[in-house]
file target.txt (compact mmCIF, C-alpha atoms)
# COMPACT_ATOMS: atom_id res chain seq x y z
CA MET A 1 31.72 -145.85 48.43
CA GLU A 2 34.74 -144.88 46.31
CA LEU A 3 38.40 -145.42 47.07
CA ARG A 4 39.24 -141.76 46.48
CA GLN A 5 37.43 -140.73 49.66
CA PHE A 6 39.84 -142.70 51.84
CA PHE A 7 43.13 -141.33 50.50
CA THR A 8 44.74 -138.03 51.40
CA GLU A 9 47.82 -136.44 49.84
CA ASP A 10 49.85 -136.70 53.03
CA ALA A 11 49.43 -140.48 53.07
CA ILE A 12 50.89 -140.89 49.59
CA LYS A 13 54.63 -141.22 49.05
CA LEU A 14 55.95 -141.69 45.54
CA ASP A 15 59.58 -142.14 46.52
CA LEU A 16 59.77 -144.65 49.34
CA GLU A 17 63.27 -144.92 50.81
CA GLY A 18 63.10 -148.45 52.24
CA THR A 19 64.87 -151.21 50.37
CA THR A 20 63.51 -154.23 52.29
CA LYS A 21 60.03 -155.49 53.01
CA ASP A 22 60.31 -154.55 56.69
CA GLU A 23 61.61 -151.06 55.95
CA VAL A 24 58.82 -150.41 53.48
CA LEU A 25 56.16 -151.62 55.92
CA LYS A 26 57.52 -149.25 58.59
CA GLU A 27 57.64 -146.38 56.13
CA LEU A 28 54.04 -146.98 55.07
CA ILE A 29 52.94 -147.09 58.72
CA GLY A 30 54.78 -143.80 59.23
CA LEU A 31 52.49 -142.18 56.66
CA LEU A 32 49.56 -142.73 59.04
CA LYS A 33 51.24 -140.54 61.69
CA LEU A 34 50.43 -142.62 64.75
CA ASP A 35 52.27 -142.62 68.06
CA GLU A 36 55.33 -144.82 68.45
CA LYS A 37 53.61 -147.55 70.46
CA SER A 38 50.75 -147.79 67.96
CA GLU A 39 53.23 -147.95 65.09
CA GLY A 40 54.98 -150.88 66.77
CA MET A 41 51.74 -152.78 67.34
CA LEU A 42 50.60 -152.17 63.80
CA TYR A 43 53.92 -153.36 62.42
CA LYS A 44 53.61 -156.61 64.40
CA MET A 45 50.11 -157.22 63.07
CA LEU A 46 51.10 -156.51 59.48
CA LYS A 47 54.00 -158.93 59.85
CA ARG A 48 51.66 -161.57 61.26
CA ARG A 49 49.44 -161.17 58.20
CA GLU A 50 52.43 -161.32 55.87
CA ASN A 51 53.51 -164.54 57.60
CA LEU A 52 50.28 -166.15 56.44
CA GLY A 53 51.29 -165.42 52.87
CA SER A 54 52.63 -162.32 51.18
CA THR A 55 50.10 -159.66 50.26
CA GLY A 56 52.13 -159.12 47.10
CA ILE A 57 49.41 -160.01 44.59
CA GLY A 58 51.61 -159.77 41.50
CA ARG A 59 52.22 -157.22 38.73
CA GLY A 60 54.37 -155.19 41.14
CA ILE A 61 51.55 -154.55 43.58
CA ALA A 62 51.19 -155.39 47.28
CA ILE A 63 48.30 -154.68 49.64
CA PRO A 64 49.57 -155.05 53.22
CA HIS A 65 46.55 -154.90 55.52
CA CYS A 66 45.32 -155.69 59.00
CA ARG A 67 42.84 -154.69 61.62
CA SER A 68 43.97 -153.13 64.85
CA LEU A 69 42.50 -151.20 67.72
CA VAL A 70 45.30 -148.66 67.42
CA VAL A 71 43.24 -146.91 64.74
CA ASN A 72 39.71 -145.71 65.34
CA LYS A 73 38.70 -145.52 61.69
CA LEU A 74 39.78 -147.06 58.40
CA ARG A 75 43.14 -145.66 57.28
CA VAL A 76 44.92 -146.13 53.98
CA ALA A 77 48.25 -145.10 52.48
CA PHE A 78 50.00 -145.53 49.16
CA GLY A 79 53.72 -145.85 48.58
CA ARG A 80 55.85 -146.37 45.48
CA LYS A 81 59.39 -147.65 45.11
CA LEU A 82 60.34 -147.62 41.44
CA GLN A 83 63.39 -149.82 41.94
CA GLY A 84 61.14 -152.49 43.45
CA VAL A 85 61.42 -154.42 46.70
CA ASP A 86 61.53 -158.15 47.29
CA PHE A 87 58.15 -158.68 48.94
CA LYS A 88 57.90 -162.43 48.31
CA ALA A 89 55.05 -161.65 45.93
CA ILE A 90 52.91 -164.40 44.42
CA ASP A 91 54.65 -163.99 41.01
CA GLU A 92 58.04 -163.74 42.74
CA LYS A 93 58.69 -160.39 41.07
CA PRO A 94 59.74 -157.24 42.94
CA VAL A 95 56.96 -155.00 44.23
CA ASP A 96 56.88 -151.31 43.30
CA PHE A 97 53.45 -150.21 44.53
CA PHE A 98 52.10 -150.60 48.04
CA PHE A 99 48.58 -150.00 49.29
CA LEU A 100 48.37 -150.08 53.08
CA ILE A 101 44.96 -150.66 54.67
CA VAL A 102 44.35 -150.58 58.41
CA ALA A 103 40.98 -150.72 60.12
CA PRO A 104 39.66 -151.06 63.66
CA PRO A 105 38.34 -154.52 64.59
CA LEU A 106 34.79 -153.26 64.60
CA GLU A 107 33.58 -150.67 62.11
CA VAL A 108 30.07 -149.34 62.06
CA SER A 109 30.16 -148.85 58.29
CA ASN A 110 32.00 -152.12 57.63
CA GLN A 111 34.32 -150.75 54.95
CA TYR A 112 37.49 -152.77 55.47
CA LEU A 113 36.84 -155.81 53.29
CA PRO A 114 35.06 -153.83 50.57
CA VAL A 115 38.02 -151.42 50.40
CA LEU A 116 40.42 -154.35 50.26
CA GLY A 117 38.37 -155.82 47.41
CA LYS A 118 38.23 -152.52 45.52
CA ILE A 119 41.98 -152.00 45.75
CA ALA A 120 42.53 -155.55 44.52
CA GLN A 121 40.10 -154.90 41.64
CA PHE A 122 41.81 -151.58 40.80
CA SER A 123 45.20 -153.31 40.82
CA LYS A 124 44.03 -155.88 38.30
CA GLU A 125 43.21 -153.28 35.63
CA ALA A 126 45.62 -153.70 32.74
CA ASP A 127 46.97 -150.16 32.59
CA VAL A 128 47.24 -149.52 36.32
CA PRO A 129 50.88 -150.58 36.93
CA GLN A 130 52.14 -148.30 34.15
CA ARG A 131 49.86 -145.44 35.24
CA LEU A 132 51.20 -145.77 38.78
CA ARG A 133 54.74 -145.83 37.45
CA ASP A 134 54.13 -142.58 35.51
CA LEU A 135 52.82 -140.58 38.48
CA THR A 136 54.80 -137.47 39.31
CA ALA A 137 52.67 -136.06 42.14
CA PRO A 138 50.27 -137.39 44.79
CA GLN A 139 47.40 -135.43 43.25
CA GLN A 140 47.79 -137.54 40.09
CA PHE A 141 47.31 -140.67 42.15
CA LEU A 142 44.06 -139.26 43.52
CA ALA A 143 42.99 -138.27 40.03
CA LEU A 144 43.69 -141.78 38.78
CA LEU A 145 41.42 -143.24 41.46
CA GLU A 146 38.69 -140.79 40.45
CA GLU A 147 39.14 -141.58 36.78
CA LYS A 148 38.85 -145.31 37.38
CA GLY A 149 35.75 -144.75 39.48
CA VAL A 150 36.50 -147.60 41.84
CA MET B 1 52.93 -146.34 77.87
CA LEU B 2 50.54 -149.22 77.53
CA HIS B 3 49.72 -151.65 80.31
CA PRO B 4 51.55 -154.90 79.38
CA GLU B 5 48.45 -157.05 79.76
CA LEU B 6 46.38 -154.60 77.73
CA GLU B 7 48.97 -154.94 75.00
CA ILE B 8 48.59 -158.75 75.13
CA LEU B 9 44.79 -158.48 75.04
CA LEU B 10 44.95 -156.13 72.07
CA GLU B 11 47.20 -158.54 70.20
CA ILE B 12 44.92 -161.50 70.99
CA GLN B 13 41.93 -159.57 69.72
CA ASP B 14 43.71 -158.43 66.56
CA LEU B 15 44.83 -162.01 65.85
CA GLN B 16 41.32 -163.35 66.38
CA THR B 17 39.94 -160.70 64.04
CA LEU B 18 42.54 -161.63 61.44
CA ARG B 19 41.54 -165.29 61.76
CA ARG B 20 37.87 -164.38 61.27
CA ASP B 21 38.53 -162.06 58.33
CA ILE B 22 40.58 -164.50 56.31
CA SER B 23 37.85 -167.10 56.52
CA THR B 24 35.18 -164.85 54.97
CA GLU B 25 33.96 -165.15 51.38
CA GLU B 26 34.54 -161.42 50.87
CA TYR B 27 38.20 -161.86 51.72
CA ALA B 28 38.57 -164.80 49.37
CA ALA B 29 36.87 -162.80 46.61
CA ALA B 30 39.53 -160.08 46.90
CA GLY B 31 42.04 -162.68 45.71
CA ILE B 32 44.68 -162.03 48.36
CA PRO B 33 46.65 -165.26 48.77
CA ILE B 34 46.86 -167.13 52.08
CA ASP B 35 49.38 -169.91 52.56
CA SER B 36 48.43 -173.35 53.86
CA THR B 37 46.24 -174.19 56.82
CA GLU B 38 49.42 -174.95 58.75
CA ARG B 39 50.17 -171.24 58.94
CA ILE B 40 46.63 -170.49 60.04
CA GLU B 41 47.03 -173.06 62.78
CA ARG B 42 50.17 -171.22 63.86
CA LEU B 43 48.00 -168.17 64.27
CA ALA B 44 45.81 -170.10 66.70
CA GLU B 45 48.92 -171.26 68.55
CA ARG B 46 50.10 -167.69 68.89
CA ILE B 47 46.73 -166.69 70.34
CA ALA B 48 47.02 -169.52 72.89
CA GLU B 49 50.58 -168.49 73.73
CA ARG B 50 49.55 -164.91 74.38
CA GLU B 51 46.56 -166.04 76.49
CA ALA B 52 48.94 -168.05 78.65
CA GLN B 53 50.97 -164.90 79.32
CA LEU B 54 48.07 -163.21 81.10
CA THR B 55 48.05 -163.28 84.89
CA PRO B 56 45.52 -165.79 86.31
CA ARG B 57 43.25 -162.96 87.42
CA THR B 58 43.21 -161.26 84.04
CA ARG B 59 42.90 -164.59 82.22
CA THR B 60 39.81 -165.44 84.28
CA ALA B 61 38.27 -162.06 83.48
CA TYR B 62 39.23 -162.47 79.80
CA GLN B 63 37.60 -165.92 79.64
CA ARG B 64 34.47 -164.62 81.34
CA VAL B 65 34.16 -161.71 78.89
CA SER B 66 34.91 -163.87 75.85
CA ARG B 67 32.08 -166.25 76.77
CA ARG B 68 29.66 -163.33 76.49
CA HIS B 69 31.22 -161.18 73.76
CA GLU B 70 33.02 -161.83 70.51
CA ARG B 71 35.44 -158.97 71.22
CA VAL B 72 36.98 -158.67 74.65
CA VAL B 73 38.62 -155.27 74.25
CA ALA B 74 36.50 -152.29 73.29
CA PRO B 75 37.78 -148.91 72.19
CA VAL B 76 36.68 -145.86 74.13
CA LEU B 77 36.11 -142.90 71.88
CA HIS B 78 34.79 -139.54 73.09
CA GLY B 79 34.08 -141.13 76.46
CA VAL B 80 31.90 -143.90 75.03
CA CYS B 81 32.66 -147.63 75.25
CA TYR B 82 32.29 -148.87 71.68
CA GLY B 83 31.50 -152.36 72.98
CA CYS B 84 28.17 -151.39 74.58
CA PHE B 85 27.86 -147.70 73.60
CA VAL B 86 27.49 -146.61 77.20
CA HIS B 87 29.38 -143.60 78.56
CA VAL B 88 32.42 -144.50 80.61
CA PRO B 89 32.29 -142.48 83.87
CA THR B 90 34.23 -139.24 83.44
CA SER B 91 36.31 -140.00 86.51
CA LYS B 92 37.98 -142.64 84.39
CA GLY B 93 39.17 -139.96 82.00
CA HIS B 94 39.39 -139.96 78.23
CA ASP B 95 43.00 -139.67 77.27
CA LYS B 96 45.43 -142.28 76.09
CA GLU B 97 47.44 -142.06 79.33
CA ARG B 98 44.65 -144.10 80.87
CA ASN B 99 45.89 -147.08 78.89
CA THR B 100 48.69 -147.44 81.42
CA GLU B 101 46.13 -149.18 83.64
CA LEU B 102 44.05 -152.25 82.88
CA ARG B 103 40.42 -151.14 83.08
CA THR B 104 37.07 -152.66 82.27
CA CYS B 105 33.80 -151.09 81.25
CA GLU B 106 31.43 -151.08 84.21
CA SER B 107 28.50 -151.67 81.89
CA CYS B 108 29.61 -154.58 79.65
CA GLY B 109 32.73 -155.82 81.43
CA ARG B 110 34.96 -155.59 78.35
CA PHE B 111 38.51 -154.38 78.76
CA ILE B 112 38.75 -150.85 77.49
CA TYR B 113 41.31 -149.10 75.35
CA TYR B 114 41.25 -145.31 75.07
CA THR B 115 41.70 -144.17 71.52
CA ASP B 116 41.33 -140.41 72.00

call {"tool": "encode", "arguments": {"input": "target.txt", "output": "structure tokens"}}
result
Amino acid sequence: MELRQFFTEDAIKLDLEGTTKDEVLKELIGLLKLDEKSEGMLYKMLKRRENLGSTGIGRGIAIPHCRSLVVNKLRVAFGRKLQGVDFKAIDEKPVDFFFLIVAPPLEVSNQYLPVLGKIAQFSKEADVPQRLRDLTAPQQFLALLEEKGV
Amino acid sequence: MLHPELEILLEIQDLQTLRRDISTEEYAAAGIPIDSTERIERLAERIAEREAQLTPRTRTAYQRVSRRHERVVAPVLHGVCYGCFVHVPTSKGHDKERNTELRTCESCGRFIYYTD
């Protein structure tokens, strides 16, 4: 299982418009193209998870995630905000890169936690923040995932 | 539109799943921080709050199902209940509009949520 297989170009946005944590979460959810009700439920669940502790893991990276029945398979999205957003990250620094992960409560292939772990592992690589900062097109993001082989 | 009690049941289930996930070793290994047990207890309180908002009839059914199954709401995808993998009778339809009513699977008794 490789991360690349879960991402599609239309769920990658390199110029997020939101300037607050809530706005960014909504914008990321929007990349999944769900109906309005599902978007609302997903937003509530992501907020509940954030209330347990920010998913901002430091070095400008956050991994908001949750499970919800509003999706019937694992969905991911990536967003970037070069000016950074206050996400109450663990290092208290602004977050520029956001990996959204959403999965149904029950998955036959059980990919949710492994994908979460792989994104966390990818994020810890020394050059990743700068490589993400340098991206100019979604395809480059996909190429980076392939190159890293995570 | 989503039946209000189905919305509550979905939230309860999602919260319970969150509680289970964050207590796994795999989750801890990912290194995603979780604040104090106090906040986790608040999660349990929220689940209890939402359970109390169910009508007595639905709450009884919910308690009965949760004694037998870890998950009380099952998605229905392509006409199949993903709780017990039995076909839901076609008369009950497949589309998301069916979520305006609170329905249960005739085979396993779980509440069902149409996802297609």

call {"tool": "interface_residues", "arguments": {"input": "target.txt", "of": "chain A", "to": "chain B", "cutoff": "6 Å", "atoms": "all atoms listed in the file", "output": "ChimeraX atom specification"}}
result
/A:52-53,68,117,120

call {"tool": "atom_distance", "arguments": {"input": "target.txt", "atom1": "CA of Tyr43 (chain A)", "atom2": "CA of Gly79 (chain A)"}}
result
15.7 Å

call {"tool": "axis_aligned_box", "arguments": {"input": "target.txt", "around": "region 33-42 of chain B", "padding_each_side": "8 Å", "output": "AutoDock Vina command-line options"}}
result
--center_x 48.2 --center_y -170.1 --center_z 56.3 --size_x 19.9 --size_y 25.7 --size_z 31.1

call {"tool": "atom_distance", "arguments": {"input": "target.txt", "atom1": "CA of Leu69 (chain A)", "atom2": "CA of Pro105 (chain A)"}}
result
6.2 Å

call {"tool": "residues_around", "arguments": {"input": "target.txt", "residues": "region 122-137 of chain A", "least_positions_apart": "3", "cutoff": "10 Å", "atoms": "only C-alpha atoms", "output": "number ranges by chain"}}
result
A: 3, 9, 12-15, 57-63, 80-82, 96-97, 99, 116-119, 140-142, 144-145, 148-150

call {"tool": "atom_distance", "arguments": {"input": "target.txt", "atom1": "CA of Gly79 (chain B)", "atom2": "CA of Arg110 (chain B)"}}
result
14.6 Å

call {"tool": "residues_around", "arguments": {"input": "target.txt", "residues": "Val76 (chain A)", "least_positions_apart": "2", "cutoff": "8 Å", "atoms": "only C-alpha atoms", "output": "PyMOL selection string"}}
result
chain A and resi 6-7+11+32+74+78+99-102

call {"tool": "residues_around", "arguments": {"input": "target.txt", "residues": "Gly56 (chain A)", "least_positions_apart": "6", "cutoff": "7 Å", "atoms": "all atoms listed in the file", "output": "list in words"}}
result
Ala62, Ile63, Phe87, Lys88, Ala89, Ile90 and Val95 of chain A

call {"tool": "residues_around", "arguments": {"input": "target.txt", "residues": "Lys33 (chain A)", "least_positions_apart": "5", "cutoff": "10 Å", "atoms": "only C-alpha atoms", "output": "MDAnalysis selection string"}}
result
chainID A and resid 10:11 28 38:39

call {"tool": "residues_around", "arguments": {"input": "target.txt", "residues": "Leu102 (chain B)", "least_positions_apart": "3", "cutoff": "9 Å", "atoms": "all atoms listed in the file", "output": "PyMOL selection string"}}
result
chain B and resi 2-6+98-99+111-113
